[in-house]
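Engineer: Sharing run17.pdb, PDB, C-alpha atoms:
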```pdb
MODEL        1
ATOM      1  CA  GLY A   1      97.073  86.127  91.583
ATOM      2  CA  GLU A   2      97.026  88.948  89.077
ATOM      3  CA  ASP A   3      95.713  91.650  91.372
ATOM      4  CA  VAL A   4      97.392  93.925  93.845
ATOM      5  CA  GLU A   5      95.508  93.183  97.049
ATOM      6  CA  GLN A   6      94.809  95.327 100.068
ATOM      7  CA  SER A   7      92.380  94.993 102.920
ATOM      8  CA  LEU A   8      89.506  97.450 102.572
ATOM      9  CA  PHE A   9      89.356  99.017 106.012
ATOM     10  CA  LEU A  10      91.554  99.780 108.993
ATOM     11  CA  SER A  11      90.445 101.527 112.155
ATOM     12  CA  VAL A  12      92.951 102.812 114.711
ATOM     13  CA  ARG A  13      92.997 105.028 117.743
ATOM     14  CA  GLU A  14      94.716 108.405 117.530
ATOM     15  CA  GLY A  15      98.327 108.124 118.656
ATOM     16  CA  ASP A  16      98.630 104.426 117.820
ATOM     17  CA  SER A  17     100.579 103.037 114.879
ATOM     18  CA  SER A  18      98.792 102.005 111.700
ATOM     19  CA  VAL A  19     100.009  99.235 109.438
ATOM     20  CA  ILE A  20      98.542  98.970 105.969
ATOM     21  CA  ASN A  21      99.414  95.846 104.031
ATOM     22  CA  CYS A  22      99.623  95.138 100.328
ATOM     23  CA  THR A  23     100.364  92.019  98.323
ATOM     24  CA  TYR A  24     101.612  92.708  94.840
ATOM     25  CA  THR A  25     101.798  90.534  91.796
ATOM     26  CA  ASP A  26     105.323  90.360  90.473
ATOM     27  CA  SER A  27     108.391  89.625  92.529
ATOM     28  CA  SER A  28     110.466  91.398  89.886
ATOM     29  CA  SER A  29     108.518  94.646  90.211
ATOM     30  CA  THR A  30     110.965  97.473  90.436
ATOM     31  CA  TYR A  31     108.827 100.376  91.599
ATOM     32  CA  LEU A  32     106.390 100.224  94.494
ATOM     33  CA  TYR A  33     104.442 103.244  95.664
ATOM     34  CA  TRP A  34     102.070 104.342  98.380
ATOM     35  CA  TYR A  35      99.483 107.036  97.710
ATOM     36  CA  LYS A  36      97.102 108.884  99.995
ATOM     37  CA  GLN A  37      93.716 110.119  98.819
ATOM     38  CA  GLU A  38      91.610 112.376 100.998
ATOM     39  CA  PRO A  39      87.892 112.833 100.245
ATOM     40  CA  GLY A  40      87.335 114.761  97.038
ATOM     41  CA  ALA A  41      91.048 115.064  96.341
ATOM     42  CA  GLY A  42      93.591 113.494  94.039
ATOM     43  CA  LEU A  43      96.225 110.848  94.746
ATOM     44  CA  GLN A  44      99.161 112.230  96.647
ATOM     45  CA  LEU A  45     102.421 110.308  96.455
ATOM     46  CA  LEU A  46     103.402 109.491 100.034
ATOM     47  CA  THR A  47     106.478 107.381  99.609
ATOM     48  CA  TYR A  48     108.041 104.761  97.410
ATOM     49  CA  ILE A  49     110.497 101.903  97.584
ATOM     50  CA  PHE A  50     112.496 100.145  94.925
ATOM     51  CA  SER A  51     113.100  96.440  94.610
ATOM     52  CA  ASN A  52     116.731  96.736  95.673
ATOM     53  CA  MET A  53     115.617  98.002  99.099
ATOM     54  CA  ASP A  54     114.089  96.211 102.100
ATOM     55  CA  MET A  55     113.037  99.216 104.118
ATOM     56  CA  LYS A  56     112.603 102.918 103.775
ATOM     57  CA  GLN A  57     111.862 105.409 106.529
ATOM     58  CA  ASP A  58     110.565 108.911 106.031
ATOM     59  CA  GLN A  59     109.571 110.746 109.218
ATOM     60  CA  ARG A  60     106.457 108.935 110.527
ATOM     61  CA  LEU A  61     106.303 106.577 107.565
ATOM     62  CA  THR A  62     108.091 103.245 107.322
ATOM     63  CA  VAL A  63     107.844 101.029 104.274
ATOM     64  CA  LEU A  64     108.838  97.377 104.480
ATOM     65  CA  LEU A  65     109.333  95.207 101.434
ATOM     66  CA  ASN A  66     109.381  91.410 101.504
ATOM     67  CA  LYS A  67     110.225  90.371  97.976
ATOM     68  CA  LYS A  68     109.990  86.666  98.665
ATOM     69  CA  ASP A  69     106.378  86.955  99.784
ATOM     70  CA  LYS A  70     105.607  89.900  97.471
ATOM     71  CA  HIS A  71     104.418  91.826 100.494
ATOM     72  CA  LEU A  72     104.599  95.560 101.030
ATOM     73  CA  SER A  73     103.569  97.391 104.175
ATOM     74  CA  LEU A  74     103.194 101.001 105.209
ATOM     75  CA  ARG A  75     103.511 101.838 108.870
ATOM     76  CA  ILE A  76     102.327 105.237 110.097
ATOM     77  CA  ALA A  77     103.638 106.075 113.544
ATOM     78  CA  ASP A  78     101.635 108.248 115.953
ATOM     79  CA  THR A  79      98.579 108.217 113.687
ATOM     80  CA  GLN A  80      96.618 111.474 113.644
ATOM     81  CA  THR A  81      93.070 112.295 112.564
ATOM     82  CA  GLY A  82      94.567 114.013 109.524
ATOM     83  CA  ASP A  83      95.847 110.630 108.404
ATOM     84  CA  SER A  84      92.275 109.453 107.814
ATOM     85  CA  ALA A  85      92.131 108.762 104.085
ATOM     86  CA  ILE A  86      92.275 105.986 101.518
ATOM     87  CA  TYR A  87      95.731 104.538 100.923
ATOM     88  CA  PHE A  88      96.644 102.884  97.643
ATOM     89  CA  CYS A  89      99.634 100.744  96.875
ATOM     90  CA  ALA A  90     100.859 100.449  93.300
ATOM     91  CA  GLU A  91     103.515  98.507  91.464
ATOM     92  CA  ILE A  92     105.267  99.183  88.182
ATOM     93  CA  ARG A  93     107.283  96.460  86.514
ATOM     94  CA  SER A  94     110.363  97.710  84.752
ATOM     95  CA  GLY A  95     111.476  96.464  81.388
ATOM     96  CA  GLY A  96     107.956  96.304  80.089
ATOM     97  CA  SER A  97     105.195  98.739  79.399
ATOM     98  CA  TYR A  98     105.526 100.569  82.744
ATOM     99  CA  ILE A  99     101.783 100.301  83.298
ATOM    100  CA  PRO A 100     100.979 100.744  86.985
ATOM    101  CA  THR A 101      98.816  98.218  88.795
ATOM    102  CA  PHE A 102      96.872  99.516  91.779
ATOM    103  CA  GLY A 103      95.262  97.947  94.778
ATOM    104  CA  ARG A 104      91.629  98.841  95.550
ATOM    105  CA  GLY A 105      92.715 101.027  98.453
ATOM    106  CA  THR A 106      92.563 100.748 102.235
ATOM    107  CA  SER A 107      90.300 103.179 104.046
ATOM    108  CA  LEU A 108      92.040 104.276 107.239
ATOM    109  CA  ILE A 109      89.783 105.640 109.949
ATOM    110  CA  VAL A 110      91.429 107.315 112.909
ATOM    111  CA  HIS A 111      89.246 107.823 115.957
ATOM    112  CA  PRO A 112      89.952 109.753 119.156
TER     113      PRO A 112
ATOM    114  CA  ASP B   1     104.202 126.057  87.332
ATOM    115  CA  ALA B   2     105.981 122.750  87.397
ATOM    116  CA  GLY B   3     103.881 119.643  87.706
ATOM    117  CA  ILE B   4     100.907 117.998  86.125
ATOM    118  CA  THR B   5      97.729 119.982  85.622
ATOM    119  CA  GLN B   6      94.272 118.944  84.523
ATOM    120  CA  SER B   7      91.474 121.071  83.152
ATOM    121  CA  PRO B   8      88.664 121.604  83.636
ATOM    122  CA  ARG B   9      88.466 120.549  87.265
ATOM    123  CA  TYR B  10      84.687 120.291  87.068
ATOM    124  CA  LYS B  11      82.473 119.790  84.047
ATOM    125  CA  ILE B  12      78.763 119.199  83.589
ATOM    126  CA  THR B  13      77.581 118.170  80.167
ATOM    127  CA  GLU B  14      74.681 116.454  78.475
ATOM    128  CA  THR B  15      74.381 113.036  76.922
ATOM    129  CA  GLY B  16      75.688 112.990  73.373
ATOM    130  CA  ARG B  17      77.984 115.998  73.706
ATOM    131  CA  GLN B  18      81.691 115.856  73.014
ATOM    132  CA  VAL B  19      83.943 116.638  75.954
ATOM    133  CA  THR B  20      87.723 116.993  76.093
ATOM    134  CA  LEU B  21      89.686 116.763  79.298
ATOM    135  CA  MET B  22      93.145 118.287  79.155
ATOM    136  CA  CYS B  23      96.322 117.098  80.823
ATOM    137  CA  HIS B  24      99.630 118.929  80.775
ATOM    138  CA  GLN B  25     102.935 117.982  82.419
ATOM    139  CA  THR B  26     106.110 120.038  82.618
ATOM    140  CA  TRP B  27     108.674 117.271  83.216
ATOM    141  CA  SER B  28     108.853 115.796  79.711
ATOM    142  CA  HIS B  29     107.987 112.389  81.111
ATOM    143  CA  SER B  30     107.574 109.819  78.378
ATOM    144  CA  TYR B  31     104.733 107.869  79.968
ATOM    145  CA  MET B  32     101.300 109.332  80.589
ATOM    146  CA  PHE B  33      98.075 107.672  81.706
ATOM    147  CA  TRP B  34      94.366 108.355  82.005
ATOM    148  CA  TYR B  35      92.351 106.706  84.760
ATOM    149  CA  ARG B  36      88.794 106.909  85.879
ATOM    150  CA  GLN B  37      87.802 106.403  89.487
ATOM    151  CA  ASP B  38      84.369 105.171  90.476
ATOM    152  CA  LEU B  39      83.044 103.874  93.779
ATOM    153  CA  GLY B  40      83.401 100.136  93.921
ATOM    154  CA  HIS B  41      85.797  99.969  90.969
ATOM    155  CA  GLY B  42      88.937 101.644  92.186
ATOM    156  CA  LEU B  43      91.194 103.133  89.517
ATOM    157  CA  ARG B  44      90.688 101.839  86.009
ATOM    158  CA  LEU B  45      93.103 102.571  83.179
ATOM    159  CA  ILE B  46      91.479 104.085  80.094
ATOM    160  CA  TYR B  47      94.439 104.817  77.825
ATOM    161  CA  TYR B  48      98.152 105.281  78.151
ATOM    162  CA  SER B  49     100.971 106.687  76.099
ATOM    163  CA  ALA B  50     104.623 105.658  76.032
ATOM    164  CA  ALA B  51     105.763 108.711  74.045
ATOM    165  CA  ALA B  52     104.512 111.324  71.643
ATOM    166  CA  ASP B  53     102.406 109.717  68.901
ATOM    167  CA  ILE B  54     102.341 106.369  70.728
ATOM    168  CA  THR B  55      99.115 105.507  72.530
ATOM    169  CA  ASP B  56      97.440 102.275  73.560
ATOM    170  CA  LYS B  57      94.241 101.056  75.136
ATOM    171  CA  GLY B  58      93.889 100.262  78.775
ATOM    172  CA  GLU B  59      91.210  98.343  80.620
ATOM    173  CA  VAL B  60      88.179 100.518  79.712
ATOM    174  CA  PRO B  61      88.841 102.391  76.435
ATOM    175  CA  ASP B  62      85.394 102.246  74.839
ATOM    176  CA  GLY B  63      83.860 105.663  74.235
ATOM    177  CA  TYR B  64      87.163 107.499  74.674
ATOM    178  CA  VAL B  65      89.781 108.838  72.296
ATOM    179  CA  VAL B  66      93.254 110.159  73.092
ATOM    180  CA  SER B  67      96.028 111.875  71.209
ATOM    181  CA  ARG B  68      99.592 112.808  72.024
ATOM    182  CA  SER B  69     101.050 115.138  69.430
ATOM    183  CA  LYS B  70     103.380 116.706  72.018
ATOM    184  CA  THR B  71     105.141 115.018  74.919
ATOM    185  CA  GLU B  72     103.678 117.410  77.484
ATOM    186  CA  ASN B  73     100.014 117.106  76.524
ATOM    187  CA  PHE B  74      97.695 114.113  76.661
ATOM    188  CA  PRO B  75      94.056 115.112  76.082
ATOM    189  CA  LEU B  76      91.192 112.671  76.624
ATOM    190  CA  THR B  77      88.052 113.087  74.495
ATOM    191  CA  LEU B  78      84.645 111.619  75.076
ATOM    192  CA  GLU B  79      83.210 111.705  71.579
ATOM    193  CA  SER B  80      79.569 111.278  72.622
ATOM    194  CA  ALA B  81      79.216 111.394  76.375
ATOM    195  CA  THR B  82      77.001 108.889  78.168
ATOM    196  CA  ARG B  83      75.752 108.863  81.758
ATOM    197  CA  SER B  84      77.980 105.893  82.509
ATOM    198  CA  GLN B  85      80.958 108.156  81.863
ATOM    199  CA  THR B  86      80.103 110.277  84.875
ATOM    200  CA  SER B  87      83.240 109.844  86.945
ATOM    201  CA  VAL B  88      86.385 111.427  88.273
ATOM    202  CA  TYR B  89      89.202 111.319  85.740
ATOM    203  CA  PHE B  90      92.850 111.355  86.706
ATOM    204  CA  CYS B  91      95.829 111.946  84.491
ATOM    205  CA  ALA B  92      99.267 110.736  85.584
ATOM    206  CA  SER B  93     102.814 110.768  84.294
ATOM    207  CA  PHE B  94     105.738 108.459  85.049
ATOM    208  CA  GLY B  95     109.347 109.519  85.016
ATOM    209  CA  GLN B  96     112.150 111.138  86.942
ATOM    210  CA  GLY B  97     110.937 113.290  89.797
ATOM    211  CA  VAL B  98     112.669 116.071  91.704
ATOM    212  CA  SER B  99     114.427 113.504  93.904
ATOM    213  CA  GLY B 100     115.902 111.800  90.851
ATOM    214  CA  ALA B 101     113.823 108.664  91.361
ATOM    215  CA  ASN B 102     111.229 107.465  88.880
ATOM    216  CA  VAL B 103     107.831 108.296  90.281
ATOM    217  CA  LEU B 104     104.220 108.195  89.162
ATOM    218  CA  THR B 105     102.556 111.563  89.734
ATOM    219  CA  PHE B 106      98.858 112.356  89.444
ATOM    220  CA  GLY B 107      96.971 115.448  88.465
ATOM    221  CA  ALA B 108      94.277 116.849  90.758
ATOM    222  CA  GLY B 109      91.486 115.208  88.770
ATOM    223  CA  SER B 110      88.572 116.284  86.593
ATOM    224  CA  ARG B 111      85.095 115.599  87.923
ATOM    225  CA  LEU B 112      82.721 115.006  85.019
ATOM    226  CA  THR B 113      78.952 114.781  85.311
ATOM    227  CA  VAL B 114      76.903 113.688  82.298
ATOM    228  CA  LEU B 115      73.212 114.505  82.547
TER     229      LEU B 115
ENDMDL
END
```
Translate the structure described by the file into structure tokens.
Structural biologist:
Amino acid sequence: GEDVEQSLFLSVREGDSSVINCTYTDSSSTYLYWYKQEPGAGLQLLTYIFSNMDMKQDQRLTVLLNKKDKHLSLRIADTQTGDSAIYFCAEIRSGGSYIPTFGRGTSLIVHP
Amino acid sequence: DAGITQSPRYKITETGRQVTLMCHQTWSHSYMFWYRQDLGHGLRLIYYSAAADITDKGEVPDGYVVSRSKTENFPLTLESATRSQTSVYFCASFGQGVSGANVLTFGAGSRLTVL
């Protein structure tokens, strides 16, 4: 399809791991990003991965990239209540207009 | 301060008035974007710019005008505001970040209410 797709909601217990999934549109996409948006705030860049990588780890965050399936995931270890937010994935295809395409966002709810 | 700044952060106006939302970035990134964010619609691209004096329409350009006379500034103007333009507006730029990687960075947003 033409859209970047994400599931709308994810609910986890505090201390568990969260996995947010994203399917993007173009297997040749070079830049893939994850953003966090808290209520009333802007989009904060969490992490990114490039198409020449399969995995990237940054403290509690792990990004996995499956280029064959055009699948991107964000794992948050030891999820805290402060992680409750909406998470957006985005892709930018290089060699073209560099226009980002965003998913609709996954609302992560962390409960005690 | 380094970064991307938007002003005003909050604006209330009346139908028919002209409103300009400002966006300024300090990195000299070539690409800049304007999005609006509404419940149920996610982020929708209004206009984008590949460089100074080069702009193009996005998904929802009607009722908006942009200009880019300088690389660092990308103002968005609502020529005659309508209630349907009540939204949160985000500016973003794409280019080399502090880590050396190309990243897309957003401003804090401008919340516009049209009465």
Engineer: Report, in Å with one decimal, the straight-line distance from CA of Glu79 in chain B to CA of Val66 in chain B.
Structural biologist: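 We find that CA of Glu79 in chain B and CA of Val66 in chain B lie 10.3 Å from each other.
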Engineer: Applying 9 Å and all atoms listed in the file, which residues near range 48-51 of chain A remain after dropping the ones on its own chain fewer than 2 positions away? List them as a VMD selection string.
Structural biologist: (chain A and resid 27 to 35 45 to 46 53 to 56 63 to 65 67) or (chain B and resid 103)
Engineer: Keeping only C-alpha atoms, write the selected residues as a PDB file, keeping the file's coordinate frame.
Structural biologist:
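What follows is the written file again_14.pdb:
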```pdb
ATOM      1  CA  SER A  27     108.391  89.625  92.529  1.00  0.00           C
ATOM      2  CA  SER A  28     110.466  91.398  89.886  1.00  0.00           C
ATOM      3  CA  SER A  29     108.518  94.646  90.211  1.00  0.00           C
ATOM      4  CA  THR A  30     110.965  97.473  90.436  1.00  0.00           C
ATOM      5  CA  TYR A  31     108.827 100.376  91.599  1.00  0.00           C
ATOM      6  CA  LEU A  32     106.390 100.224  94.494  1.00  0.00           C
ATOM      7  CA  TYR A  33     104.442 103.244  95.664  1.00  0.00           C
ATOM      8  CA  TRP A  34     102.070 104.342  98.380  1.00  0.00           C
ATOM      9  CA  TYR A  35      99.483 107.036  97.710  1.00  0.00           C
ATOM     10  CA  LEU A  45     102.421 110.308  96.455  1.00  0.00           C
ATOM     11  CA  LEU A  46     103.402 109.491 100.034  1.00  0.00           C
ATOM     12  CA  MET A  53     115.617  98.002  99.099  1.00  0.00           C
ATOM     13  CA  ASP A  54     114.089  96.211 102.100  1.00  0.00           C
ATOM     14  CA  MET A  55     113.037  99.216 104.118  1.00  0.00           C
ATOM     15  CA  LYS A  56     112.603 102.918 103.775  1.00  0.00           C
ATOM     16  CA  VAL A  63     107.844 101.029 104.274  1.00  0.00           C
ATOM     17  CA  LEU A  64     108.838  97.377 104.480  1.00  0.00           C
ATOM     18  CA  LEU A  65     109.333  95.207 101.434  1.00  0.00           C
ATOM     19  CA  LYS A  67     110.225  90.371  97.976  1.00  0.00           C
TER      20      LYS A  67
ATOM     21  CA  VAL B 103     107.831 108.296  90.281  1.00  0.00           C
TER      22      VAL B 103
END
```
Engineer: What are the closest atom pairs, with distances in Å to one decimal, for all residues of chain B lying within 6 Å of chain A? Consider all atoms listed in the file, order rows by chain and residue number, and present the result as CSV.
Structural biologist:
```
residue,atom,partner,partner_atom,distance
B:Gly42,CA,A:Arg104,CA,5.1
B:Ala108,CA,A:Gly42,CA,4.7
B:Gly109,CA,A:Gly42,CA,5.9
```
Engineer: Could you take the residues named above and write them with C-alpha atoms, as a PDB file, keeping the file's coordinate frame?
Structural biologist:
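Saved as part_18.pdb:
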```
ATOM      1  CA  GLY B  42      88.937 101.644  92.186  1.00  0.00           C
ATOM      2  CA  ALA B 108      94.277 116.849  90.758  1.00  0.00           C
ATOM      3  CA  GLY B 109      91.486 115.208  88.770  1.00  0.00           C
TER       4      GLY B 109
END
```
Engineer: Write out as a list of chain:residue names which residues come within 9 Å of His24 in chain B when counting only C-alpha atoms, dropping same-chain ones fewer than 3 positions away.
Structural biologist: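 In the requested format, the answer is B:Gly3, B:Ile4, B:Thr5, B:Gln6, B:Ser7, B:Thr71, B:Glu72, B:Asn73, B:Phe74, B:Pro75, B:Cys91, B:Gly107.
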Engineer: Could you work out how far CA of Glu38 in chain A lies from CA of Ser7 in chain A, giving the answer in Å with one decimal?
Structural biologist: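 Those two atoms sit 17.5 Å apart.
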Engineer: Grab the CA of Phe106 in chain B to CA of Leu72 in chain A distance for me, in Å with one decimal place.
Structural biologist: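 Rounded to one decimal, the two atoms are 21.2 Å apart.
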Engineer: Between B:Val65, B:Val98, B:Leu104, B:Leu43, which residue has the minimum interatomic distance to Leu21 in chain B, considering only C-alpha atoms?
Structural biologist: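 Nearest candidate to Leu21 in chain B out of B:Val65, B:Val98, B:Leu104, B:Leu43: B:Val65.
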Engineer: Determine, counting all atoms listed in the file, which protein, DNA and RNA residues have an atom within 9 Å of an atom of range 54-56 of chain B; residues of the same chain fewer than 6 positions away are not included. Present the result as a PDB file with C-alpha atoms, in the coordinates of the input.
Structural biologist:
```pdb
ATOM      1  CA  TYR B  47      94.439 104.817  77.825  1.00  0.00           C
ATOM      2  CA  TYR B  48      98.152 105.281  78.151  1.00  0.00           C
ATOM      3  CA  VAL B  66      93.254 110.159  73.092  1.00  0.00           C
ATOM      4  CA  SER B  67      96.028 111.875  71.209  1.00  0.00           C
ATOM      5  CA  ARG B  68      99.592 112.808  72.024  1.00  0.00           C
ATOM      6  CA  SER B  69     101.050 115.138  69.430  1.00  0.00           C
TER       7      SER B  69
END
```
Engineer: Under the PyMOL selection byres ((chain B and resi 50) around 6), which residues of this model are included? Write them out as a list in words.
Structural biologist: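 Against this file, the PyMOL selection byres ((chain B and resi 50) around 6) returns the residues Ser30, Tyr31, Ser49, Ala51 and Ile54 of chain B.
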Engineer: Residue by residue, what does the PyMOL selection byres ((chain A and resi 12-24) around 9) grab here? Present the result as a PyMOL selection string.
Structural biologist: chain A and resi 1-7+10-11+25-27+29+32+69-81+87-91+101-103+106+108-112
Engineer: For this file, the PyMOL selection byres ((chain B and resi 46) around 8) selects which residues, as a PDB file with C-alpha atoms, in the frame of the given file?
Structural biologist:
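Once written, out01.pdb looks like this:
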```pdb
ATOM      1  CA  PHE B  33      98.075 107.672  81.706  1.00  0.00           C
ATOM      2  CA  TRP B  34      94.366 108.355  82.005  1.00  0.00           C
ATOM      3  CA  TYR B  35      92.351 106.706  84.760  1.00  0.00           C
ATOM      4  CA  ARG B  36      88.794 106.909  85.879  1.00  0.00           C
ATOM      5  CA  ARG B  44      90.688 101.839  86.009  1.00  0.00           C
ATOM      6  CA  LEU B  45      93.103 102.571  83.179  1.00  0.00           C
ATOM      7  CA  TYR B  47      94.439 104.817  77.825  1.00  0.00           C
ATOM      8  CA  TYR B  48      98.152 105.281  78.151  1.00  0.00           C
ATOM      9  CA  LYS B  57      94.241 101.056  75.136  1.00  0.00           C
ATOM     10  CA  GLY B  58      93.889 100.262  78.775  1.00  0.00           C
ATOM     11  CA  GLU B  59      91.210  98.343  80.620  1.00  0.00           C
ATOM     12  CA  VAL B  60      88.179 100.518  79.712  1.00  0.00           C
ATOM     13  CA  PRO B  61      88.841 102.391  76.435  1.00  0.00           C
ATOM     14  CA  TYR B  64      87.163 107.499  74.674  1.00  0.00           C
TER      15      TYR B  64
END
```
Engineer: Just checking: using all atoms listed in the file, which residue out of B:Ala81, B:Val88, B:Ala52, B:Val114 ends up closest to His29 in chain B?
Structural biologist: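 Nearest to His29 in chain B: B:Ala52.
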Engineer: May I have the centre and edge lengths, in Å to one decimal, of an axis-aligned box around the listed atoms of range 88-98 of chain A with 4 Å added to every side, as JSON?
Structural biologist:
```
{"center_x": 104.1, "center_y": 99.6, "center_z": 88.5, "size_x": 22.8, "size_y": 14.6, "size_z": 26.2}
```
Engineer: Which neighbours of Val19 in chain B fall inside 9 Å, counting only C-alpha atoms, when residues of the same chain fewer than 5 positions from it are skipped, and could you give them as number ranges by chain?
Structural biologist: B: 11, 13, 76-81
Engineer: Let's have the selection written as a PDB file, keeping the file's coordinate frame, with C-alpha atoms.
Structural biologist:
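Result went into result37.pdb, see below:
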```pdb
ATOM      1  CA  LYS B  11      82.473 119.790  84.047  1.00  0.00           C
ATOM      2  CA  THR B  13      77.581 118.170  80.167  1.00  0.00           C
ATOM      3  CA  LEU B  76      91.192 112.671  76.624  1.00  0.00           C
ATOM      4  CA  THR B  77      88.052 113.087  74.495  1.00  0.00           C
ATOM      5  CA  LEU B  78      84.645 111.619  75.076  1.00  0.00           C
ATOM      6  CA  GLU B  79      83.210 111.705  71.579  1.00  0.00           C
ATOM      7  CA  SER B  80      79.569 111.278  72.622  1.00  0.00           C
ATOM      8  CA  ALA B  81      79.216 111.394  76.375  1.00  0.00           C
TER       9      ALA B  81
END
```
